[in-house]
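*Asks:* My structure is below; once you've seen it, I'll send some questions.
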Amino acid sequence: MNTASHRFTIGSFQCFAISDGTSVYANPAPALFPHAPAAELEQALRAHAIDPRAWTEWVSDYTCLLVDTGDHRVLVDTGMGHHSPTTGALIPNLRALGVAPDDIDTVVLTHGHPDHIGGTLDADGRPAFPNARFVMWRSEWAHWTTPLERPPDGPMVQFMHDFALPQLLPLSERIQTIEHEADVVPGVRALAAPGHTPGHMALEIASGDDRLLVLSDTILHPIHVEHPDWNTVYELLPNQAIATRHRLLRRAAEQRALVAAFHLPFPGIGRIETTDHGWRWSPVAPPA
Ligand SMILES: [Zn+2]
């Protein structure tokens, strides 16, 4: 199976879900569903053909998005890049599509976690997309570029802050921060989606009558669509994360929009179907 890139259109826009690779998360249930009642979680996992007692590894795809509007080439997130042996495929996969890093004029960073900003610089510390302006929510930029005032709550928080600062500071001259919902380029609109992180951003890609809602990390697993109240351990603002998840899933279902989600099985493109009990993730068929 070729999981390098998946092409689709939104109106007149050419879109590509592009793999940066995968990452393995050990002992995933306590990280993805720490607050889920045990019996409900077991039922949900079994419905996804996962044996709860044998689920020792979650292999997450890392899928970026390229939107070619005709006037602009917008890249959404940069993956983990060279920081992991199983990632860093984004730029080779872009080149395979005939797109050079120089061709990208806009890079949207949905949030400051390592798997989304790890590809902003190359292995030598140079900007990986030298002609791009970067766009990030203002509170998100501030969160990751401000040193921690007090000792972090745990090693994960420390790791993420240590990671973010050297990845983001070299972008200071080319970052555009936003604090209101606005068009990044015509047809690519930034939506506030706080909760996973303080300035986590979603996007609406619109051309003609077509809509693509880019959820980024509003959901990490298809089970979060069925149980939007189930946060992960990664949500920095849990109550806001739940509210954002409900709001965006309802919007996607009502608009019958296509949806892109960074961590879902490649290509991470699908729709939110309304069921008798709520919602369900309905993926597009992966490329053959
Ligand atoms: Zn992520």
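Residues are named by chain letter and number: chains run A, B, ... in the order of the structure tokens, numbers start at 1 in each chain, and ligands are numbered from 1 in the order shown.
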Taking only C-alpha atoms and all ligand atoms into account, which residues have an atom no farther than 10 Å from ligand 1? I'd like them as a PyMOL selection string.

*Replies:* chain A and resi 60-63+77+79-80+110-117+196+216-220+234+261-263

*Asks:* Can you tell me which residues surround Asp71 of chain A at a distance of at most 9 Å, considering only C-alpha atoms, apart from same-chain residues fewer than 2 positions away, and format the answer as a ChimeraX atom specification?

*Replies:* /A:68-69,73,185-186

*Asks:* Applying 10 Å and only C-alpha atoms, which residues near Ala142 of chain A remain after dropping the ones on its own chain fewer than 5 positions away? List them as a PDB file with N, CA and C atoms, in the first residue's frame.

*Replies:*
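Output (selection_11.pdb):
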```
ATOM      1  N   MET A 136       0.427  30.978  13.366  1.00  0.00           N
ATOM      2  CA  MET A 136       0.108  30.263  14.605  1.00  0.00           C
ATOM      3  C   MET A 136      -0.814  31.159  15.427  1.00  0.00           C
ATOM      4  N   TRP A 137      -1.646  30.557  16.242  1.00  0.00           N
ATOM      5  CA  TRP A 137      -2.486  31.339  17.137  1.00  0.00           C
ATOM      6  C   TRP A 137      -1.577  32.068  18.145  1.00  0.00           C
ATOM      7  N   PRO A 147       9.429  30.955  28.701  1.00  0.00           N
ATOM      8  CA  PRO A 147       9.990  29.922  29.599  1.00  0.00           C
ATOM      9  C   PRO A 147       9.013  29.608  30.740  1.00  0.00           C
ATOM     10  N   THR A 177       1.224  35.832  13.980  1.00  0.00           N
ATOM     11  CA  THR A 177       0.310  35.278  14.973  1.00  0.00           C
ATOM     12  C   THR A 177      -1.060  35.926  14.796  1.00  0.00           C
ATOM     13  N   PRO A 198      -3.439  25.715  24.583  1.00  0.00           N
ATOM     14  CA  PRO A 198      -4.183  26.976  24.765  1.00  0.00           C
ATOM     15  C   PRO A 198      -4.619  27.637  23.461  1.00  0.00           C
ATOM     16  N   GLY A 199      -3.765  27.569  22.433  1.00  0.00           N
ATOM     17  CA  GLY A 199      -4.107  28.209  21.162  1.00  0.00           C
ATOM     18  C   GLY A 199      -4.162  27.214  20.023  1.00  0.00           C
TER      19      GLY A 199
END
```

*Asks:* List every residue of segment 184-250 of chain A that DSSP, applied to the backbone of this structure, assigns to strand (DSSP E or B), and report them as a list in words.

*Replies:*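 Matching residues, listed in order: Val184, Val185, Val188, Arg189, Ala190, Leu191, Ala192, Met201, Ala202, Leu203, Glu204, Ile205, Ala206, Ser207, Asp210, Arg211, Leu212, Leu213 and Val214 of chain A.
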
*Asks:* Put those residues in a file: all heavy atoms, as a CSV table (one decimal), in the first residue's frame.

*Replies:*
```csv
chain,number,residue,atom,x,y,z
A,184,VAL,N,-6.4,32.8,6.5
A,184,VAL,CA,-4.9,32.7,6.4
A,184,VAL,C,-4.5,33.1,4.9
A,184,VAL,O,-3.6,33.9,4.7
A,184,VAL,CB,-4.4,31.3,6.8
A,184,VAL,CG1,-2.9,31.2,6.5
A,184,VAL,CG2,-4.8,31.0,8.2
A,185,VAL,N,-5.2,32.5,4.0
A,185,VAL,CA,-5.2,32.9,2.6
A,185,VAL,C,-6.6,32.7,2.1
A,185,VAL,O,-7.4,32.0,2.8
A,185,VAL,CB,-4.2,32.1,1.7
A,185,VAL,CG1,-2.8,32.1,2.2
A,185,VAL,CG2,-4.7,30.6,1.5
A,188,VAL,N,-8.8,29.5,3.1
A,188,VAL,CA,-8.2,28.8,4.2
A,188,VAL,C,-8.4,29.6,5.5
A,188,VAL,O,-7.7,30.6,5.7
A,188,VAL,CB,-6.8,28.5,4.0
A,188,VAL,CG1,-6.2,27.7,5.1
A,188,VAL,CG2,-6.6,27.6,2.7
A,189,ARG,N,-9.4,29.2,6.3
A,189,ARG,CA,-9.8,30.0,7.4
A,189,ARG,C,-9.3,29.4,8.7
A,189,ARG,O,-9.6,28.2,9.0
A,189,ARG,CB,-11.3,30.3,7.4
A,189,ARG,CG,-11.8,31.3,8.5
A,189,ARG,CD,-13.2,31.7,8.2
A,189,ARG,NE,-13.6,32.8,9.1
A,189,ARG,CZ,-13.3,34.1,8.9
A,189,ARG,NH1,-12.6,34.4,7.9
A,189,ARG,NH2,-13.8,35.0,9.7
A,190,ALA,N,-8.7,30.2,9.6
A,190,ALA,CA,-8.3,29.7,10.9
A,190,ALA,C,-9.5,29.7,11.9
A,190,ALA,O,-10.2,30.7,11.9
A,190,ALA,CB,-7.1,30.6,11.4
A,191,LEU,N,-9.7,28.7,12.6
A,191,LEU,CA,-10.7,28.6,13.6
A,191,LEU,C,-10.1,28.3,14.9
A,191,LEU,O,-9.2,27.5,15.1
A,191,LEU,CB,-11.7,27.4,13.2
A,191,LEU,CG,-12.3,27.3,11.8
A,191,LEU,CD1,-13.2,26.1,11.7
A,191,LEU,CD2,-13.1,28.6,11.6
A,192,ALA,N,-10.6,29.0,15.9
A,192,ALA,CA,-10.2,28.8,17.3
A,192,ALA,C,-10.6,27.4,17.7
A,192,ALA,O,-11.8,27.0,17.6
A,192,ALA,CB,-10.7,29.8,18.3
A,201,MET,N,-5.4,25.3,17.0
A,201,MET,CA,-6.1,25.9,15.8
A,201,MET,C,-6.7,24.8,14.9
A,201,MET,O,-6.0,23.8,14.6
A,201,MET,CB,-5.1,26.7,15.0
A,201,MET,CG,-5.8,27.6,13.9
A,201,MET,SD,-4.6,28.1,12.7
A,201,MET,CE,-3.4,29.1,13.6
A,202,ALA,N,-7.9,25.0,14.5
A,202,ALA,CA,-8.5,24.2,13.4
A,202,ALA,C,-8.6,25.1,12.2
A,202,ALA,O,-8.3,26.3,12.3
A,202,ALA,CB,-9.9,23.7,13.8
A,203,LEU,N,-9.0,24.5,11.1
A,203,LEU,CA,-9.0,25.3,9.8
A,203,LEU,C,-10.3,24.8,9.1
A,203,LEU,O,-10.7,23.6,9.1
A,203,LEU,CB,-7.8,25.0,8.9
A,203,LEU,CG,-6.5,25.5,9.4
A,203,LEU,CD1,-5.4,24.8,8.6
A,203,LEU,CD2,-6.3,27.0,9.3
A,204,GLU,N,-10.9,25.8,8.4
A,204,GLU,CA,-11.9,25.4,7.4
A,204,GLU,C,-11.4,25.8,6.0
A,204,GLU,O,-11.0,26.9,5.7
A,204,GLU,CB,-13.2,26.1,7.6
A,204,GLU,CG,-14.3,25.7,6.6
A,204,GLU,CD,-15.6,26.3,6.9
A,204,GLU,OE1,-15.7,27.6,6.6
A,204,GLU,OE2,-16.6,25.7,7.3
A,205,ILE,N,-11.3,24.8,5.1
A,205,ILE,CA,-10.9,25.0,3.8
A,205,ILE,C,-12.1,25.0,2.9
A,205,ILE,O,-12.9,24.0,3.0
A,205,ILE,CB,-10.0,23.8,3.3
A,205,ILE,CG1,-8.9,23.4,4.3
A,205,ILE,CG2,-9.4,24.1,1.9
A,205,ILE,CD1,-7.9,24.4,4.6
A,206,ALA,N,-12.4,26.1,2.2
A,206,ALA,CA,-13.6,26.2,1.5
A,206,ALA,C,-13.4,26.6,0.1
A,206,ALA,O,-12.7,27.6,-0.2
A,206,ALA,CB,-14.5,27.2,2.2
A,207,SER,N,-14.0,25.9,-0.9
A,207,SER,CA,-13.9,26.3,-2.3
A,207,SER,C,-15.2,25.8,-2.9
A,207,SER,O,-15.6,24.6,-2.8
A,207,SER,CB,-12.7,25.7,-3.0
A,207,SER,OG,-12.7,26.0,-4.4
A,210,ASP,N,-17.7,23.0,-1.5
A,210,ASP,CA,-17.0,22.0,-0.7
A,210,ASP,C,-16.4,22.5,0.5
A,210,ASP,O,-15.9,23.7,0.5
A,210,ASP,CB,-15.9,21.3,-1.6
A,210,ASP,CG,-16.4,20.4,-2.7
A,210,ASP,OD1,-17.7,20.2,-2.7
A,210,ASP,OD2,-15.6,19.9,-3.5
A,211,ARG,N,-16.3,21.7,1.6
A,211,ARG,CA,-15.7,22.1,2.8
A,211,ARG,C,-14.8,21.0,3.3
A,211,ARG,O,-15.2,19.8,3.3
A,211,ARG,CB,-16.8,22.4,3.9
A,211,ARG,CG,-17.7,23.6,3.6
A,211,ARG,CD,-17.0,24.9,3.8
A,211,ARG,NE,-17.9,26.0,3.4
A,211,ARG,CZ,-18.1,26.5,2.2
A,211,ARG,NH1,-17.5,25.9,1.2
A,211,ARG,NH2,-18.9,27.5,2.0
A,212,LEU,N,-13.7,21.4,3.9
A,212,LEU,CA,-12.8,20.5,4.6
A,212,LEU,C,-12.5,21.1,5.9
A,212,LEU,O,-12.0,22.2,6.0
A,212,LEU,CB,-11.5,20.3,3.8
A,212,LEU,CG,-10.4,19.5,4.6
A,212,LEU,CD1,-10.8,18.0,4.8
A,212,LEU,CD2,-9.1,19.6,3.9
A,213,LEU,N,-12.9,20.4,7.0
A,213,LEU,CA,-12.6,20.9,8.3
A,213,LEU,C,-11.4,20.2,8.9
A,213,LEU,O,-11.4,18.9,9.0
A,213,LEU,CB,-13.8,20.6,9.2
A,213,LEU,CG,-14.0,21.3,10.5
A,213,LEU,CD1,-14.0,22.8,10.3
A,213,LEU,CD2,-15.2,20.9,11.3
A,214,VAL,N,-10.3,20.9,9.1
A,214,VAL,CA,-9.1,20.3,9.6
A,214,VAL,C,-9.1,20.4,11.1
A,214,VAL,O,-9.0,21.4,11.7
A,214,VAL,CB,-7.8,21.1,9.1
A,214,VAL,CG1,-6.6,20.5,9.5
A,214,VAL,CG2,-7.9,21.2,7.5
```

*Asks:* Could you give me, as a PyMOL selection string, the residues within 12 Å of Phe33 of chain A, counting only C-alpha atoms and dropping anything in the same chain fewer than 4 positions from it?

*Replies:* chain A and resi 27-29+37-38+40-42+44-45+52+219-224+227-235
